[in-house]
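Colleague: Quick one: structure below, then a few questions.
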Amino acid sequence: MKKIILALAIVIGSMSTTAQQLWTSADVKIPINKRITATVEAEYRTHNKLSSSERWALSAALAYRPTSHLKFDIGYKFINSYTEDEFHTKLRDVNLHPKKPYRHYYTPEYMLRRNRIFLSATGSIKLGKLALSLRERYQFTHRNSKDYTRYYINSSTPNHTLSEDDFLTTGSEQERVKVAKDKHSLRSRIEAEYTIKKKCRFTPFASAEIYNTINRSWECDQSRYTAGCSYKINSHNSLDLFYRFIREHIDKSSINVIGIGYSFKL
C-alpha cells in the first residue's frame, strides 16, 4: 500500500508542473438494496496552477440499476465557487474626459452559490476485457444573485500600476449585482474501462464528454477528455487518479486538470 501511495504521489508531482487545476473528491456509497445505492460526495477544486481555491461542493444522489446493463441516477449538488480578484481598464469618451480618459477597475474576490439538480441514464456493455458505457445527463443549475463592490480610479494613462490598497484607500465605490441565472445542460459521455486481469486491482479508463447548453439553442460550450486509473484497495476502499483536458468552445481556451478521488463503500 505504501508503494502505491508513493507512486501516485510521484505521478501527481510530475503532472502538477503543467496542470492548471487540481480536482479532489471523496464519496461514501451506501447500498439500500441490490438495485438502489445512495452516494454522498464532497469535492474541492483549485485553479491558477493549484495556488488558489476555485470551488467546493457537496452532493447527494440515488442510483437505481434495474439490470446489469442499465442505471439511472438522480441527485442534488450545492456549489460554492470563488470569483478571483479582477483588474481591468476602460477607455472613456476622450471629449468628455480629456484629462483622465482611463478608468481602472478593481473587483475583490467574492463567492457565488449554485444549486444543481441532475438526472442521468447510463447504458453499458462488456466486450471481453473492455467495458463501454454511454451516459446522458440532464442538469439544471440555478446561480444565486450576488451583491458585490467594485472600485475605480480615473487616470491620464492606460498603464496599470495600481495596487489593491490604492483602490481600497483612494478609489471610488460602485455597488453592483450579479443577477441570478438558470442553466439547462445535457452532458453526453462515452467511457471505456479495461480489465487487465481478474484479480488485478488496477483498472485503466478513458472518457470523452460534451456539454450542450439547452437554453442557448443547444450550444456546445465545453468538451472534456479524460484518462486515468482506478485502484481497488480492498472491498470497501478505492482510489482514482486521472488527467483531464477541458476545451472551452466559447472563449477558445483550454484547461489541464489532475484529479484524485477516494471512494468508500459500506
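Just so we're on the same page: first chain in the C-alpha cells is A, next is B, and so on; residues restart at 1 for each chain, and ligands are numbered from 1 in the order they show up.
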Distance table requested - stretch 74-159 of chain A against stretch 202-223 of chain A, cut-off 12 Å, only C-alpha atoms: one row per qualifying residue with the closest atom pair and its distance in Å to one decimal, ordered by chain and rising residue number, as a tab-separated table.
Modeller:
```
residue	atom	partner	partner_atom	distance
A:Lys129	CA	A:Thr203	CA	10.4
A:Leu130	CA	A:Phe205	CA	9.7
A:Ala131	CA	A:Phe205	CA	9.3
A:Leu132	CA	A:Ser207	CA	9.6
A:Ser133	CA	A:Ser207	CA	9.3
A:Leu134	CA	A:Ser207	CA	9.7
A:Arg135	CA	A:Glu209	CA	9.1
A:Glu136	CA	A:Glu209	CA	9.7
A:Arg137	CA	A:Tyr211	CA	9.6
A:Tyr138	CA	A:Ile214	CA	9.4
A:Gln139	CA	A:Thr213	CA	9.7
A:Phe140	CA	A:Ile214	CA	9.9
A:Thr141	CA	A:Thr213	CA	11.0
```
Colleague: Neighbouring residues of A:Ser263 were defined as those with any atom within 12 Å, considering only C-alpha atoms; residues of the same chain fewer than 4 positions away were excluded. Please report them as a ChimeraX atom specification.
Modeller: /A:24-30,39-43,230-241
Colleague: Enter the distance from atom CA of A:Ser59 to atom CA of A:Arg189, in Å, rounded to one decimal.
Modeller: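 Those two atoms sit 19.9 Å apart.
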Colleague: Which one of A:Arg113, A:Pro158, A:Ala38, A:Leu58 sits closest to A:Arg92 if you count only C-alpha atoms?
Modeller: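 Selected residue with least distance to A:Arg92: A:Pro158.
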Colleague: Which residues, written as a list of chain:residue names, have at least one atom at most 9 Å from stretch 60-65 of chain A, with only C-alpha atoms counted and residues fewer than 5 positions away on the same chain left out?
Modeller: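 Here the answer would be A:Lys34, A:Arg35, A:Ile36, A:Thr37, A:Ala38, A:Thr39, A:Val40, A:Glu41, A:Leu70, A:Lys71, A:Phe72, A:Asp73, A:Ile74, A:Gly75, A:Tyr76, A:Lys77, A:Phe118.
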Colleague: Next, the residues of the selection above should be written as a compact mmCIF listing (two decimals), in the first residue's frame with N, CA, C and O atoms.
Modeller:
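In the end it all went to part-v7.txt:
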```
# COMPACT_ATOMS: atom_id res chain seq x y z
N LYS A 34 -30.31 -4.41 -3.40
CA LYS A 34 -29.50 -4.91 -4.52
C LYS A 34 -29.53 -3.98 -5.73
O LYS A 34 -28.62 -4.02 -6.57
N ARG A 35 -30.57 -3.13 -5.84
CA ARG A 35 -30.72 -2.30 -7.02
C ARG A 35 -30.51 -0.81 -6.76
O ARG A 35 -30.27 -0.04 -7.69
N ILE A 36 -30.59 -0.37 -5.53
CA ILE A 36 -30.52 1.06 -5.21
C ILE A 36 -29.32 1.34 -4.32
O ILE A 36 -29.09 0.66 -3.32
N THR A 37 -28.56 2.40 -4.68
CA THR A 37 -27.39 2.82 -3.91
C THR A 37 -27.44 4.33 -3.71
O THR A 37 -27.69 5.09 -4.66
N ALA A 38 -27.22 4.78 -2.49
CA ALA A 38 -27.14 6.21 -2.18
C ALA A 38 -25.67 6.62 -2.12
O ALA A 38 -24.83 5.84 -1.66
N THR A 39 -25.36 7.83 -2.59
CA THR A 39 -24.00 8.35 -2.57
C THR A 39 -23.98 9.76 -2.02
O THR A 39 -24.78 10.60 -2.42
N VAL A 40 -23.06 10.02 -1.10
CA VAL A 40 -22.81 11.36 -0.58
C VAL A 40 -21.37 11.72 -0.94
O VAL A 40 -20.46 10.92 -0.70
N GLU A 41 -21.17 12.92 -1.52
CA GLU A 41 -19.85 13.28 -2.02
C GLU A 41 -19.48 14.71 -1.64
O GLU A 41 -20.34 15.60 -1.61
N LEU A 70 -27.97 -1.31 -17.29
CA LEU A 70 -28.67 -0.03 -17.28
C LEU A 70 -28.73 0.55 -15.87
O LEU A 70 -28.97 -0.18 -14.90
N LYS A 71 -28.48 1.86 -15.78
CA LYS A 71 -28.50 2.53 -14.47
C LYS A 71 -29.11 3.92 -14.62
O LYS A 71 -28.86 4.62 -15.61
N PHE A 72 -29.91 4.32 -13.62
CA PHE A 72 -30.49 5.66 -13.57
C PHE A 72 -30.01 6.36 -12.29
O PHE A 72 -29.89 5.72 -11.24
N ASP A 73 -29.75 7.66 -12.41
CA ASP A 73 -29.31 8.45 -11.26
C ASP A 73 -30.16 9.70 -11.12
O ASP A 73 -30.57 10.30 -12.11
N ILE A 74 -30.36 10.14 -9.88
CA ILE A 74 -30.97 11.43 -9.59
C ILE A 74 -30.24 12.02 -8.40
O ILE A 74 -29.88 11.29 -7.46
N GLY A 75 -29.95 13.32 -8.43
CA GLY A 75 -29.19 13.90 -7.33
C GLY A 75 -29.27 15.41 -7.25
O GLY A 75 -29.84 16.08 -8.13
N TYR A 76 -28.70 15.93 -6.17
CA TYR A 76 -28.64 17.37 -5.92
C TYR A 76 -27.23 17.73 -5.51
O TYR A 76 -26.56 16.98 -4.79
N LYS A 77 -26.76 18.91 -5.98
CA LYS A 77 -25.41 19.38 -5.63
C LYS A 77 -25.46 20.85 -5.26
O LYS A 77 -26.07 21.67 -5.97
N PHE A 118 -29.70 17.02 -11.01
CA PHE A 118 -29.32 16.26 -12.21
C PHE A 118 -30.05 14.92 -12.27
O PHE A 118 -30.41 14.32 -11.26
```
Colleague: I'd like the neighbourhood of A:Leu112 as an MDAnalysis selection string, where a residue qualifies if any of its atoms comes within 8 Å (using only C-alpha atoms), though same-chain residues fewer than 6 positions away should be ignored.
Modeller: chainID A and resid 80:83 143:146
Colleague: Among stretch 55-210 of chain A, which ones does DSSP assign to alpha helix (DSSP H) (computed from the backbone)? Answer as a PyMOL selection string.
Modeller: chain A and resi 164-170
Colleague: Which is closest to A:Met111 among A:Ile196, A:Asp182, A:Ile79, A:Ile125, if we use only C-alpha atoms?
Modeller: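 That would be A:Ile79, the residue with the smallest distance to A:Met111.
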Colleague: Separation of atom CA of A:Tyr243 and atom CA of A:Gly228, in Å?
Modeller: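 Straight-line distance from atom CA of A:Tyr243 to atom CA of A:Gly228 works out to 6.1 Å.
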Colleague: Which neighbours of A:Arg45 fall inside 6 Å, counting only C-alpha atoms, when residues of the same chain fewer than 5 positions from it are skipped, and could you give them as a VMD selection string?
Modeller: chain A and resid 22 to 23 54 to 55
Colleague: Keeping C-alpha atoms, export the residues of the selection given above as a PDB file, in the first residue's frame.
Modeller:
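In the end it all went to again_20.pdb:
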```
ATOM      1  CA  LEU A  22      -6.455  20.110  -9.112  1.00  0.00           C
ATOM      2  CA  TRP A  23      -9.786  18.368  -8.522  1.00  0.00           C
ATOM      3  CA  GLU A  54     -11.806  27.510  -7.347  1.00  0.00           C
ATOM      4  CA  ARG A  55     -14.798  25.874  -5.632  1.00  0.00           C
TER       5      ARG A  55
END
```
Colleague: Separation of atom CA of A:His184 and atom CA of A:Asn115, in Å?
Modeller: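 According to the coordinates, atom CA of A:His184 and atom CA of A:Asn115 are separated by 12.1 Å.
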Colleague: Quick one: DSSP strand (DSSP E) residues in stretch 105-213 of chain A, as a PyMOL selection string?
Modeller: chain A and resi 105-107+110-127+130-143+146-155+172-178+181-194+202-213
Colleague: Between A:Glu84, A:Gln174, A:Leu162, A:His69, which one has atoms that come closest to A:Ser52, using only C-alpha atoms?
Modeller: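 Going through A:Glu84, A:Gln174, A:Leu162, A:His69 one by one, the smallest distance to A:Ser52 is for A:Glu84.
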Colleague: Restricting the calculation to only C-alpha atoms: of A:Arg244, A:Ala19, A:Leu127, A:Val179, which residue gets closest to A:Lys49?
Modeller: A:Ala19
Colleague: From the options A:Ser53, A:Thr161, A:Ser124, A:Asn48, which residue's atoms come nearest to A:Glu109, counting only C-alpha atoms?
Modeller: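 Selected residue with least distance to A:Glu109: A:Ser53.
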Colleague: With distances taken over only C-alpha atoms, which of A:Ser120, A:Asn95, A:Thr89, A:Thr107 is nearest to A:Ser155?
Modeller: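 For A:Ser155, the nearest of the candidates is A:Thr89.
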